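Colleague: You'll find entry_27.txt just under this line, and it carries compact mmCIF, C-alpha atoms and all ligand atoms.
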# COMPACT_ATOMS: atom_id res chain seq x y z
CA MET A 1 116.65 290.18 152.05
CA THR A 2 113.01 290.43 152.98
CA LYS A 3 110.30 290.44 150.38
CA ILE A 4 106.99 292.08 151.22
CA VAL A 5 104.07 290.68 149.26
CA VAL A 6 100.56 292.11 149.27
CA VAL A 7 97.62 289.82 148.50
CA THR A 8 94.93 292.12 147.20
CA SER A 9 91.83 292.25 144.97
CA GLY A 10 89.59 295.25 145.44
CA LYS A 11 86.50 293.07 145.71
CA GLY A 12 85.72 291.20 148.92
CA GLY A 13 85.17 287.49 149.31
CA VAL A 14 87.28 286.41 146.35
CA GLY A 15 89.87 284.39 148.27
CA LYS A 16 92.54 286.80 149.56
CA THR A 17 92.66 285.34 153.05
CA THR A 18 92.55 281.76 151.75
CA THR A 19 95.42 282.66 149.43
CA SER A 20 97.47 284.52 152.04
CA ALA A 21 97.25 281.53 154.37
CA ALA A 22 98.19 279.08 151.61
CA LEU A 23 101.02 281.17 150.22
CA ALA A 24 102.59 281.86 153.62
CA THR A 25 102.29 278.23 154.67
CA GLY A 26 103.73 277.02 151.36
CA LEU A 27 106.71 279.36 151.60
CA ALA A 28 107.43 278.34 155.19
CA GLN A 29 107.14 274.65 154.28
CA ARG A 30 109.94 275.22 151.82
CA GLY A 31 112.10 276.60 154.60
CA HIS A 32 111.55 280.32 154.07
CA LYS A 33 110.95 282.19 157.30
CA THR A 34 107.58 283.85 156.73
CA THR A 35 105.09 286.05 158.56
CA VAL A 36 101.53 286.55 157.37
CA ILE A 37 99.83 289.75 158.58
CA ASP A 38 96.09 290.30 158.67
CA PHE A 39 95.42 293.92 157.65
CA ASP A 40 91.64 293.60 157.84
CA VAL A 41 91.17 295.80 160.90
CA GLY A 42 87.80 295.16 162.53
CA LEU A 43 87.24 291.95 160.57
CA ARG A 44 89.93 289.60 161.77
CA ASN A 45 89.68 286.26 159.95
CA LEU A 46 93.13 285.03 159.08
CA ASP A 47 93.45 283.63 162.61
CA LEU A 48 90.50 281.30 161.94
CA ILE A 49 91.82 280.17 158.57
CA MET A 50 95.22 279.50 160.13
CA GLY A 51 93.57 277.77 163.09
CA CYS A 52 95.21 279.91 165.76
CA GLU A 53 92.20 281.96 166.90
CA ARG A 54 92.40 280.72 170.47
CA ARG A 55 96.02 281.76 170.77
CA VAL A 56 95.49 285.40 169.89
CA VAL A 57 96.51 287.67 172.76
CA TYR A 58 97.84 290.78 171.03
CA ASP A 59 97.30 292.07 167.51
CA LEU A 60 98.82 294.34 164.89
CA VAL A 61 97.42 297.53 166.41
CA ASN A 62 98.64 296.53 169.89
CA VAL A 63 102.13 296.15 168.48
CA ILE A 64 101.92 299.47 166.64
CA ASN A 65 100.71 301.24 169.77
CA GLY A 66 103.40 299.64 171.91
CA ASP A 67 100.96 297.72 174.14
CA ALA A 68 102.98 294.67 173.20
CA ASN A 69 106.28 294.10 171.47
CA LEU A 70 106.55 292.31 168.16
CA LYS A 71 107.60 288.99 169.68
CA GLN A 72 104.54 289.04 171.93
CA GLY A 73 102.24 289.82 169.02
CA LEU A 74 103.50 287.10 166.70
CA ILE A 75 101.89 283.68 166.88
CA LYS A 76 104.20 280.84 165.91
CA ASP A 77 102.46 278.20 163.82
CA LYS A 78 102.28 274.75 165.45
CA ARG A 79 102.38 272.71 162.25
CA VAL A 80 104.99 274.39 160.11
CA GLU A 81 108.42 275.65 161.22
CA ASP A 82 109.34 279.21 160.28
CA LEU A 83 105.73 280.38 160.01
CA TYR A 84 104.32 283.27 162.03
CA ILE A 85 100.94 284.98 162.11
CA LEU A 86 100.21 288.56 163.14
CA PRO A 87 96.45 288.93 163.63
CA ALA A 88 94.35 291.98 162.86
CA SER A 89 92.84 294.06 165.55
CA GLN A 90 89.11 293.85 166.22
CA THR A 91 88.96 297.56 166.96
CA ARG A 92 86.57 299.60 164.87
CA ASP A 93 88.99 302.49 164.79
CA LYS A 94 90.53 302.13 161.33
CA ASP A 95 92.84 305.08 161.93
CA ALA A 96 94.79 302.97 164.39
CA LEU A 97 96.70 301.58 161.42
CA THR A 98 99.20 304.27 160.52
CA LEU A 99 101.83 304.00 157.79
CA GLU A 100 104.57 304.87 160.30
CA GLY A 101 103.30 302.18 162.63
CA VAL A 102 103.15 299.58 159.89
CA GLU A 103 106.64 300.48 158.72
CA LYS A 104 107.97 299.96 162.24
CA VAL A 105 106.40 296.51 162.40
CA LEU A 106 107.78 295.57 158.98
CA ASP A 107 111.24 296.77 159.98
CA GLY A 108 111.03 294.68 163.14
CA LEU A 109 110.14 291.61 161.09
CA LYS A 110 113.06 292.27 158.78
CA GLU A 111 115.39 292.42 161.76
CA MET A 112 114.04 289.03 162.87
CA GLY A 113 115.24 287.65 159.54
CA MET A 114 111.89 287.11 157.84
CA GLU A 115 112.35 286.20 154.18
CA TYR A 116 108.74 286.83 153.24
CA ILE A 117 106.06 289.03 154.74
CA ILE A 118 102.62 288.33 153.31
CA CYS A 119 100.11 291.15 153.75
CA ASP A 120 96.49 289.96 153.63
CA SER A 121 94.65 293.06 152.38
CA PRO A 122 91.11 294.04 153.31
CA ALA A 123 88.63 294.55 150.48
CA GLY A 124 88.05 297.94 148.92
CA ILE A 125 90.33 300.62 147.54
CA GLU A 126 90.29 302.77 150.65
CA LYS A 127 92.83 303.38 153.35
CA GLY A 128 92.97 299.81 154.66
CA ALA A 129 93.82 298.34 151.27
CA LEU A 130 96.25 301.17 150.52
CA THR A 131 98.04 300.63 153.83
CA ALA A 132 98.39 296.89 153.18
CA ALA A 133 99.87 297.58 149.75
CA TYR A 134 102.02 300.59 150.51
CA PHE A 135 105.30 298.88 151.44
CA ALA A 136 104.93 295.93 149.08
CA ASP A 137 107.71 294.78 146.79
CA GLU A 138 105.36 292.52 144.89
CA ALA A 139 101.62 291.91 144.56
CA VAL A 140 99.39 288.90 144.09
CA VAL A 141 96.07 290.01 142.64
CA VAL A 142 93.34 287.53 143.53
CA THR A 143 90.51 287.50 141.01
CA ASN A 144 87.40 285.42 140.40
CA PRO A 145 86.30 284.77 136.81
CA GLU A 146 83.39 287.14 137.13
CA VAL A 147 82.80 290.69 135.84
CA SER A 148 82.88 292.73 139.04
CA SER A 149 85.93 290.96 140.38
CA VAL A 150 87.88 291.48 137.14
CA ARG A 151 86.94 295.14 136.99
CA ASP A 152 87.95 295.68 140.62
CA SER A 153 91.24 293.90 140.03
CA ASP A 154 91.98 296.27 137.19
CA ARG A 155 91.31 299.22 139.47
CA ILE A 156 93.61 297.78 142.12
CA LEU A 157 96.31 297.36 139.47
CA GLY A 158 95.96 301.06 138.69
CA ILE A 159 96.32 301.90 142.36
CA LEU A 160 99.34 299.63 142.76
CA SER A 161 101.07 301.43 139.94
CA SER A 162 100.78 304.83 141.61
CA LYS A 163 100.19 304.47 145.34
CA THR A 164 102.91 302.19 146.66
CA ARG A 165 106.05 303.53 148.25
CA LYS A 166 108.11 302.24 145.35
CA ALA A 167 105.87 304.02 142.86
CA GLU A 168 106.06 307.23 144.88
CA GLN A 169 109.83 307.02 145.00
CA GLY A 170 109.91 306.69 141.25
CA GLU A 171 110.98 303.06 141.28
CA GLY A 172 108.08 302.21 139.01
CA ASP A 173 105.37 299.56 139.18
CA ILE A 174 105.85 296.69 141.57
CA PRO A 175 105.46 293.31 139.85
CA ALA A 176 101.86 292.12 140.11
CA ARG A 177 100.72 288.63 139.22
CA LEU A 178 97.26 287.21 138.75
CA LEU A 179 95.87 284.38 140.84
CA LEU A 180 92.56 283.31 139.39
CA THR A 181 90.54 281.50 142.04
CA ARG A 182 87.20 279.67 142.28
CA TYR A 183 87.68 278.53 138.71
CA SER A 184 85.17 276.08 137.37
CA PRO A 185 86.35 274.41 134.12
CA GLU A 186 82.91 272.87 133.52
CA ARG A 187 81.28 276.29 133.50
CA VAL A 188 84.03 277.76 131.33
CA GLU A 189 83.56 274.94 128.83
CA SER A 190 79.84 275.55 128.67
CA GLY A 191 80.43 279.26 128.05
CA GLN A 192 79.01 280.46 131.37
CA MET A 193 82.24 281.60 132.95
CA LEU A 194 85.14 283.79 131.78
CA SER A 195 88.12 281.62 130.88
CA VAL A 196 91.62 282.09 132.21
CA GLU A 197 92.65 283.41 128.77
CA ASP A 198 89.82 285.96 128.84
CA VAL A 199 90.87 287.30 132.24
CA LYS A 200 94.55 287.33 131.32
CA GLU A 201 93.79 289.23 128.16
CA ILE A 202 91.72 291.87 129.95
CA LEU A 203 94.05 292.43 132.90
CA ALA A 204 97.24 291.97 130.87
CA ILE A 205 99.40 290.67 133.73
CA ASP A 206 101.34 287.45 134.30
CA LEU A 207 99.50 284.46 135.62
CA LEU A 208 100.70 283.02 138.91
CA GLY A 209 98.09 280.28 139.07
CA VAL A 210 94.55 279.09 138.75
CA ILE A 211 92.82 277.65 141.82
CA PRO A 212 89.75 275.55 141.11
CA GLU A 213 86.46 276.01 142.93
CA SER A 214 86.81 273.30 145.52
CA GLN A 215 85.09 271.75 148.50
CA ALA A 216 88.57 271.33 149.98
CA VAL A 217 88.72 275.08 150.68
CA LEU A 218 85.60 274.91 152.84
CA ASN A 219 86.88 271.80 154.60
CA ALA A 220 90.16 273.58 155.27
CA SER A 221 88.52 276.65 156.75
CA ASN A 222 86.16 274.48 158.81
CA SER A 223 89.13 272.77 160.41
CA GLY A 224 91.43 275.80 160.57
CA SER A 225 94.16 274.28 158.46
CA PRO A 226 95.38 276.10 155.31
CA VAL A 227 94.21 274.21 152.22
CA ILE A 228 97.78 273.84 150.94
CA LEU A 229 98.33 271.31 153.76
CA ASP A 230 95.64 269.13 152.17
CA ARG A 231 98.04 267.61 149.66
CA ASP A 232 95.52 265.29 148.07
CA SER A 233 93.10 268.06 147.17
CA ASP A 234 92.93 269.86 143.83
CA ALA A 235 92.99 273.33 145.45
CA GLY A 236 95.87 272.31 147.73
CA GLN A 237 97.92 271.12 144.76
CA ALA A 238 97.04 274.19 142.72
CA TYR A 239 98.27 276.42 145.56
CA GLU A 240 101.39 274.29 145.88
CA ASP A 241 102.09 274.89 142.16
CA ALA A 242 101.47 278.61 142.62
CA VAL A 243 104.01 278.75 145.46
CA ALA A 244 106.56 276.95 143.29
CA ARG A 245 105.98 279.45 140.48
CA PHE A 246 106.15 282.29 142.96
CA LEU A 247 109.66 281.09 143.79
CA GLY A 248 110.61 281.00 140.15
CA GLU A 249 109.98 277.37 139.20
CA THR A 250 108.19 276.59 135.96
CA ARG A 251 105.11 274.47 136.45
CA GLU A 252 102.42 273.59 134.00
CA HIS A 253 98.97 274.92 134.90
CA ARG A 254 96.63 272.16 136.06
CA PHE A 255 92.91 271.83 136.75
CA LEU A 256 92.00 273.93 133.72
CA THR A 257 89.82 271.36 132.03
CA SER A 258 86.91 269.40 133.40
CA THR A 259 87.76 265.83 134.25
CA LYS A 260 84.27 264.55 134.74
CA LYS A 261 83.34 264.34 131.08
CA SER A 262 83.47 260.91 129.52
CA LEU A 263 83.36 260.33 125.79
CA PHE A 264 79.65 259.72 126.22
CA GLY A 265 79.30 263.00 128.07
CA ARG A 266 81.13 264.87 125.37
CA LEU A 267 78.95 263.40 122.63
CA PHE A 268 75.73 264.08 124.40
CA GLY A 269 76.67 267.25 126.21
CA GLY A 270 76.61 265.62 129.65
CA MET B 1 80.69 270.41 123.20
CA SER B 2 77.84 268.10 122.25
CA ILE B 3 77.09 267.19 118.63
CA PHE B 4 73.58 268.48 119.20
CA SER B 5 74.80 271.95 119.99
CA TYR B 6 75.78 272.24 116.34
CA LEU B 7 72.22 271.46 115.32
CA LEU B 8 70.43 273.63 117.83
CA PRO B 9 70.08 277.36 117.23
CA LYS B 10 73.02 279.17 118.80
CA LYS B 11 72.44 281.40 121.76
CA GLU B 12 75.23 283.83 122.63
CA LYS B 13 77.27 282.50 125.54
CA SER B 14 77.12 284.70 128.63
CA ALA B 15 80.90 284.50 129.10
CA SER B 16 81.55 286.20 125.77
CA VAL B 17 79.07 288.93 126.64
CA ALA B 18 80.91 289.37 129.94
CA LYS B 19 84.25 289.61 128.20
CA GLU B 20 83.05 292.22 125.75
CA ARG B 21 81.48 294.37 128.45
CA LEU B 22 84.61 294.13 130.57
CA GLN B 23 86.91 295.15 127.75
CA ILE B 24 84.88 298.30 127.20
CA ILE B 25 84.54 299.37 130.83
CA VAL B 26 88.15 298.58 131.69
CA ALA B 27 89.43 300.59 128.72
CA ARG B 28 87.27 303.49 129.80
CA GLU B 29 88.43 303.38 133.40
CA ARG B 30 92.05 303.10 132.37
CA SER B 31 91.81 306.26 130.29
CA THR B 32 91.56 308.47 133.39
CA ARG B 33 94.16 306.53 135.34
CA GLY B 34 97.35 308.15 136.53
CA GLY B 35 95.81 311.59 136.13
CA PRO B 36 94.45 313.81 138.89
CA ASP B 37 91.81 312.27 141.16
CA TYR B 38 89.11 314.59 139.85
CA LEU B 39 89.25 313.23 136.29
CA PRO B 40 86.51 310.57 136.55
CA GLN B 41 84.20 313.11 138.22
CA LEU B 42 85.02 315.73 135.60
CA GLN B 43 84.25 313.20 132.89
CA GLU B 44 80.89 312.41 134.48
CA GLU B 45 79.90 316.05 134.80
CA LEU B 46 80.97 316.90 131.27
CA LEU B 47 78.86 314.02 130.04
CA MET B 48 75.84 315.43 131.88
CA VAL B 49 76.36 318.85 130.34
CA VAL B 50 76.71 317.46 126.83
CA ARG B 51 73.59 315.37 127.34
CA LYS B 52 71.58 318.51 128.05
CA TYR B 53 71.98 319.33 124.36
CA VAL B 54 72.74 316.10 122.51
CA PRO B 55 71.83 312.52 123.37
CA VAL B 56 75.20 310.78 123.48
CA ASP B 57 76.50 307.42 124.68
CA GLN B 58 78.11 306.81 128.03
CA ASP B 59 81.55 306.70 126.42
CA ALA B 60 81.11 309.75 124.20
CA VAL B 61 83.16 311.97 126.49
CA ASN B 62 86.81 311.19 126.94
CA VAL B 63 89.17 313.20 129.12
CA GLN B 64 92.86 312.64 129.41
CA VAL B 65 95.80 314.48 130.88
CA ASP B 66 98.98 314.53 128.86
CA ARG B 67 102.27 315.69 130.24
CA ASP B 68 104.41 317.52 127.78
CA SER B 69 107.78 318.91 128.82
CA GLY B 70 106.73 320.41 132.13
CA CYS B 71 103.28 321.44 131.01
CA GLU B 72 100.04 319.53 131.46
CA ILE B 73 97.40 319.40 128.76
CA LEU B 74 93.82 318.41 129.47
CA GLU B 75 92.59 316.69 126.37
CA LEU B 76 88.83 316.50 125.78
CA ASN B 77 87.24 314.32 123.17
CA ILE B 78 83.52 314.41 122.63
CA THR B 79 82.05 312.13 120.01
CA LEU B 80 78.69 313.32 118.70
CA PRO B 81 76.16 310.88 117.26
CA GLU B 82 75.94 310.65 113.48
CA GLN B 83 73.50 313.04 111.84
CA GLU B 84 70.39 311.37 110.51
N1 LIG C 1 88.99 277.95 145.52
C1 LIG C 1 87.89 278.06 146.28
N2 LIG C 1 86.90 277.14 146.20
C2 LIG C 1 85.79 277.27 146.96
N3 LIG C 1 85.60 278.24 147.85
C3 LIG C 1 86.54 279.18 147.99
C4 LIG C 1 87.74 279.16 147.20
N4 LIG C 1 88.50 280.22 147.56
C5 LIG C 1 87.82 280.90 148.50
N5 LIG C 1 86.64 280.27 148.78
C6 LIG C 1 85.62 280.68 149.74
O1 LIG C 1 85.26 282.03 149.47
C7 LIG C 1 85.00 282.73 150.67
C8 LIG C 1 85.85 283.98 150.74
O2 LIG C 1 87.21 283.63 150.87
P1 LIG C 1 88.26 284.54 151.61
O3 LIG C 1 89.60 283.92 151.43
O4 LIG C 1 87.83 284.81 153.01
O5 LIG C 1 88.14 285.85 150.72
P2 LIG C 1 88.60 287.36 151.03
O6 LIG C 1 89.72 287.31 152.01
O7 LIG C 1 89.03 287.86 149.68
O8 LIG C 1 87.41 288.10 151.53
C9 LIG C 1 85.26 281.77 151.80
O9 LIG C 1 84.04 281.23 152.23
C10 LIG C 1 86.14 280.71 151.17
O10 LIG C 1 85.96 279.47 151.78
MG MG C 2 89.95 288.37 153.86
When written as structure tokens, how does the structure in this file appear?
Ligand SMILES: Nc1ncnc2c1ncn2[C@@H]1O[C@H](COP(=O)(O)OP(=O)(O)O)[C@@H](O)[C@H]1O
Ligand SMILES: [Mg+2]
Modeller:
Amino acid sequence: MTKIVVVTSGKGGVGKTTTSAALATGLAQRGHKTTVIDFDVGLRNLDLIMGCERRVVYDLVNVINGDANLKQGLIKDKRVEDLYILPASQTRDKDALTLEGVEKVLDGLKEMGMEYIICDSPAGIEKGALTAAYFADEAVVVTNPEVSSVRDSDRILGILSSKTRKAEQGEGDIPARLLLTRYSPERVESGQMLSVEDVKEILAIDLLGVIPESQAVLNASNSGSPVILDRDSDAGQAYEDAVARFLGETREHRFLTSTKKSLFGRLFGG
Amino acid sequence: MSIFSYLLPKKEKSASVAKERLQIIVARERSTRGGPDYLPQLQEELLMVVRKYVPVDQDAVNVQVDRDSGCEILELNITLPEQE
């Protein structure tokens, strides 16, 4: 059985690509054969985050058009077994990504025995995002604790409930879970940032995880190594927990309170 | 929270303002969801028409499509301001 997962958000720059890379890597590390596909046609970036940008020869559109077969298009990760990357095309022709074409690629990946296919969605609620979500069995909605991101996530949830293949075939809503990223407990505690409870209440979906705002994410993208491989970092551990929950384990949410405050700090508002 | 924050005059926290605003806008946007694509636009235009005659709030006009045994009903709700 192959599970197709879309990582989506509506708003850009909230952490979809960071999350797709971490989720795919985490699943593969646990022995699940996984492919992560970059659907951001024209703005390829997953290759950089995964650190395979110099190995890109063919891309998703090449495979769809038959310029290359699936095996030629897939890049096998060098660090983690069972992990494959399919980069986005840098073409500016967005129409190159057809539903039929995408379905063919997904079917090919199923035949290869992929257990998970992670679809890294582009921003927006237009064709690109719809195409990335269309075949999904499940969604991870990446949201920042900030008004426009929460609103856009709600719109994406509306789209997911009507515009996926499952919805069209009358199989109902695909399960969608919230991943709240760039969370800053200090700012939540001082009342400057929406809390995880606030966002959960507004969006009314299950919580997959909370990823703290972290320098480790920047370090990871600088070096082209998904942050989940940085096991000592807060963000890496938070993603690791999210992967475990994704697979059905129960894990307590961490990194929700600020650690920096001493008793002195609490007394004097430090 | 610092002990001094109990002594100082309380300023409304921006996060609670954000939450309140979000709850309102999200509820509004959900009301046209699942219906035909023209609903939000229809709602906007109806609002403009109503405003030609009465000054009303942004959320005074509510449109909704209900499906009832094979027949679709467009439900319009326009809340007028209270008379002075
Ligand atoms: N938890 C985090 N802490 C700090 N920076 C983050 C975090 N998550 C994402 N970022 C940064 O936010 C930016 C956008 O992330 P990206 O994953 O490319 O978003 P998207 O794919 O949604 O456009 C990047 O610069 C990334 O390093
Ligand atoms: Mg991205």
Colleague: Per residue of chain B within 10 Å of chain A, note the shortest atom pair and the distance in Å to one decimal, counting only C-alpha atoms, and order the rows by chain and increasing residue number, as JSON lines.
Modeller:
{"residue": "B:Met1", "atom": "CA", "partner": "A:Gly269", "partner_atom": "CA", "distance": 5.9}
{"residue": "B:Ser2", "atom": "CA", "partner": "A:Gly269", "partner_atom": "CA", "distance": 4.2}
{"residue": "B:Ile3", "atom": "CA", "partner": "A:Leu267", "partner_atom": "CA", "distance": 5.8}
{"residue": "B:Phe4", "atom": "CA", "partner": "A:Phe268", "partner_atom": "CA", "distance": 7.1}
{"residue": "B:Ser5", "atom": "CA", "partner": "A:Gly269", "partner_atom": "CA", "distance": 8.0}
{"residue": "B:Glu12", "atom": "CA", "partner": "A:Gly191", "partner_atom": "CA", "distance": 8.8}
{"residue": "B:Lys13", "atom": "CA", "partner": "A:Gly191", "partner_atom": "CA", "distance": 5.2}
{"residue": "B:Ser14", "atom": "CA", "partner": "A:Gln192", "partner_atom": "CA", "distance": 5.4}
{"residue": "B:Ala15", "atom": "CA", "partner": "A:Met193", "partner_atom": "CA", "distance": 5.0}
{"residue": "B:Ser16", "atom": "CA", "partner": "A:Gly191", "partner_atom": "CA", "distance": 7.4}
{"residue": "B:Val17", "atom": "CA", "partner": "A:Leu194", "partner_atom": "CA", "distance": 9.5}
{"residue": "B:Ala18", "atom": "CA", "partner": "A:Val147", "partner_atom": "CA", "distance": 6.3}
{"residue": "B:Lys19", "atom": "CA", "partner": "A:Asp198", "partner_atom": "CA", "distance": 6.7}
{"residue": "B:Glu20", "atom": "CA", "partner": "A:Ile202", "partner_atom": "CA", "distance": 9.6}
{"residue": "B:Arg21", "atom": "CA", "partner": "A:Val147", "partner_atom": "CA", "distance": 8.4}
{"residue": "B:Leu22", "atom": "CA", "partner": "A:Val147", "partner_atom": "CA", "distance": 6.5}
{"residue": "B:Gln23", "atom": "CA", "partner": "A:Ile202", "partner_atom": "CA", "distance": 6.2}
{"residue": "B:Ile24", "atom": "CA", "partner": "A:Ile202", "partner_atom": "CA", "distance": 9.8}
{"residue": "B:Ile25", "atom": "CA", "partner": "A:Arg151", "partner_atom": "CA", "distance": 7.8}
{"residue": "B:Val26", "atom": "CA", "partner": "A:Arg151", "partner_atom": "CA", "distance": 6.4}
{"residue": "B:Ala27", "atom": "CA", "partner": "A:Ile202", "partner_atom": "CA", "distance": 9.1}
{"residue": "B:Glu29", "atom": "CA", "partner": "A:Arg155", "partner_atom": "CA", "distance": 7.9}
{"residue": "B:Arg30", "atom": "CA", "partner": "A:Gly158", "partner_atom": "CA", "distance": 7.7}
{"residue": "B:Arg33", "atom": "CA", "partner": "A:Gly158", "partner_atom": "CA", "distance": 6.7}
{"residue": "B:Gly34", "atom": "CA", "partner": "A:Ser162", "partner_atom": "CA", "distance": 7.0}
Colleague: To one decimal place in Å, what is the distance between CA of Arg28 (chain B) and CA of Leu80 (chain B)?
Modeller: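 Computing the Euclidean distance for CA of Arg28 (chain B) and CA of Leu80 (chain B) yields 17.1 Å.
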Colleague: Using all atoms listed in the file, find each residue with an atom at most 9 Å away from ligand MG 2 (chain C) and format the answer as a PDB file with C-alpha atoms, in the coordinates of the input.
Modeller:
ATOM      1  CA  GLY A  12      85.720 291.200 148.920  1.00  0.00           C
ATOM      2  CA  GLY A  13      85.170 287.490 149.310  1.00  0.00           C
ATOM      3  CA  VAL A  14      87.280 286.410 146.350  1.00  0.00           C
ATOM      4  CA  GLY A  15      89.870 284.390 148.270  1.00  0.00           C
ATOM      5  CA  LYS A  16      92.540 286.800 149.560  1.00  0.00           C
ATOM      6  CA  THR A  17      92.660 285.340 153.050  1.00  0.00           C
ATOM      7  CA  THR A  18      92.550 281.760 151.750  1.00  0.00           C
ATOM      8  CA  SER A  20      97.470 284.520 152.040  1.00  0.00           C
ATOM      9  CA  ASP A  38      96.090 290.300 158.670  1.00  0.00           C
ATOM     10  CA  PHE A  39      95.420 293.920 157.650  1.00  0.00           C
ATOM     11  CA  ASP A  40      91.640 293.600 157.840  1.00  0.00           C
ATOM     12  CA  LEU A  43      87.240 291.950 160.570  1.00  0.00           C
ATOM     13  CA  ARG A  44      89.930 289.600 161.770  1.00  0.00           C
ATOM     14  CA  ASN A  45      89.680 286.260 159.950  1.00  0.00           C
ATOM     15  CA  LEU A  46      93.130 285.030 159.080  1.00  0.00           C
ATOM     16  CA  ASP A 120      96.490 289.960 153.630  1.00  0.00           C
ATOM     17  CA  SER A 121      94.650 293.060 152.380  1.00  0.00           C
ATOM     18  CA  PRO A 122      91.110 294.040 153.310  1.00  0.00           C
ATOM     19  CA  ALA A 123      88.630 294.550 150.480  1.00  0.00           C
TER      20      ALA A 123
END
Colleague: Compute the distance from (109.2, 280.9, 162.8) to each atom, counting all atoms listed in the file, keep the residues with any atom at most 12 Å away, and return them as an MDAnalysis selection string; use the coordinates of the file.
Modeller: chainID A and resid 24:25 27:29 31:36 71 74:86 109 112:117
Colleague: Would you export the selected residues with C-alpha atoms as a short mmCIF file (atom, residue, chain, number, x, y, z; two decimals), in the frame of the given file, please?
Modeller:
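As written to disk, out-v2.cif reads:
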data_model
loop_
_atom_site.label_atom_id
_atom_site.label_comp_id
_atom_site.auth_asym_id
_atom_site.auth_seq_id
_atom_site.Cartn_x
_atom_site.Cartn_y
_atom_site.Cartn_z
CA ALA A 24 102.59 281.86 153.62
CA THR A 25 102.29 278.23 154.67
CA LEU A 27 106.71 279.36 151.60
CA ALA A 28 107.43 278.34 155.19
CA GLN A 29 107.14 274.65 154.28
CA GLY A 31 112.10 276.60 154.60
CA HIS A 32 111.55 280.32 154.07
CA LYS A 33 110.95 282.19 157.30
CA THR A 34 107.58 283.85 156.73
CA THR A 35 105.09 286.05 158.56
CA VAL A 36 101.53 286.55 157.37
CA LYS A 71 107.60 288.99 169.68
CA LEU A 74 103.50 287.10 166.70
CA ILE A 75 101.89 283.68 166.88
CA LYS A 76 104.20 280.84 165.91
CA ASP A 77 102.46 278.20 163.82
CA LYS A 78 102.28 274.75 165.45
CA ARG A 79 102.38 272.71 162.25
CA VAL A 80 104.99 274.39 160.11
CA GLU A 81 108.42 275.65 161.22
CA ASP A 82 109.34 279.21 160.28
CA LEU A 83 105.73 280.38 160.01
CA TYR A 84 104.32 283.27 162.03
CA ILE A 85 100.94 284.98 162.11
CA LEU A 86 100.21 288.56 163.14
CA LEU A 109 110.14 291.61 161.09
CA MET A 112 114.04 289.03 162.87
CA GLY A 113 115.24 287.65 159.54
CA MET A 114 111.89 287.11 157.84
CA GLU A 115 112.35 286.20 154.18
CA TYR A 116 108.74 286.83 153.24
CA ILE A 117 106.06 289.03 154.74
#
Colleague: Within 8 Å of Leu76 (chain B), counting all atoms listed in the file, which residues show up once you throw out same-chain ones fewer than 3 positions away? Write them as a list of chain:residue names, please.
Modeller: B:Val61, B:Asn62, B:Val63, B:Gln64
Colleague: Okay, now the selection with C-alpha atoms, as a PDB file, keeping the file's coordinate frame?
Modeller:
ATOM      1  CA  VAL B  61      83.160 311.970 126.490  1.00  0.00           C
ATOM      2  CA  ASN B  62      86.810 311.190 126.940  1.00  0.00           C
ATOM      3  CA  VAL B  63      89.170 313.200 129.120  1.00  0.00           C
ATOM      4  CA  GLN B  64      92.860 312.640 129.410  1.00  0.00           C
TER       5      GLN B  64
END
Colleague: Mind pulling up the distance from CA of Thr19 (chain A) to atom N2 of ligand LIG 1 (chain C)?
Modeller: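 Between atom N2 of ligand LIG 1 (chain C) and CA of Thr19 (chain A) the gap works out to 10.7 Å.
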Colleague: Using only C-alpha atoms for the distances, tell me which of A:Glu186, A:Val57, A:Tyr134, A:Thr8 is nearest to Thr259 (chain A).
Modeller: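 Of A:Glu186, A:Val57, A:Tyr134, A:Thr8, the one nearest Thr259 (chain A), counting only C-alpha atoms, is A:Glu186.
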Colleague: For CA of Val140 (chain A) and CA of Val5 (chain A), quote the distance in Å rounded to one decimal.
Modeller: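 Computed distance, CA of Val140 (chain A) to CA of Val5 (chain A), equals 7.2 Å.
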Colleague: With a distance cut-off of 8 Å and all atoms listed in the file, select the neighbouring residues of Asp206 (chain A), excluding the residue or stretch itself and same-chain residues fewer than 4 positions from it, and output the selection as a PDB file with C-alpha atoms, in the coordinates of the input.
Modeller:
ATOM      1  CA  ALA A 176     101.860 292.120 140.110  1.00  0.00           C
ATOM      2  CA  ARG A 177     100.720 288.630 139.220  1.00  0.00           C
ATOM      3  CA  LEU A 178      97.260 287.210 138.750  1.00  0.00           C
ATOM      4  CA  LYS A 200      94.550 287.330 131.320  1.00  0.00           C
TER       5      LYS A 200
END
Colleague: Give me the residues within 7 Å of region 181-184 of chain A as a PDB file with C-alpha atoms, in the coordinates of the input, counting all atoms listed in the file and dropping any in the same chain fewer than 4 places off.
Modeller:
ATOM      1  CA  GLY A  15      89.870 284.390 148.270  1.00  0.00           C
ATOM      2  CA  VAL A 142      93.340 287.530 143.530  1.00  0.00           C
ATOM      3  CA  THR A 143      90.510 287.500 141.010  1.00  0.00           C
ATOM      4  CA  ASN A 144      87.400 285.420 140.400  1.00  0.00           C
ATOM      5  CA  PRO A 145      86.300 284.770 136.810  1.00  0.00           C
ATOM      6  CA  VAL A 188      84.030 277.760 131.330  1.00  0.00           C
ATOM      7  CA  VAL A 210      94.550 279.090 138.750  1.00  0.00           C
ATOM      8  CA  ILE A 211      92.820 277.650 141.820  1.00  0.00           C
ATOM      9  CA  PRO A 212      89.750 275.550 141.110  1.00  0.00           C
ATOM     10  CA  GLU A 213      86.460 276.010 142.930  1.00  0.00           C
TER      11      GLU A 213
END
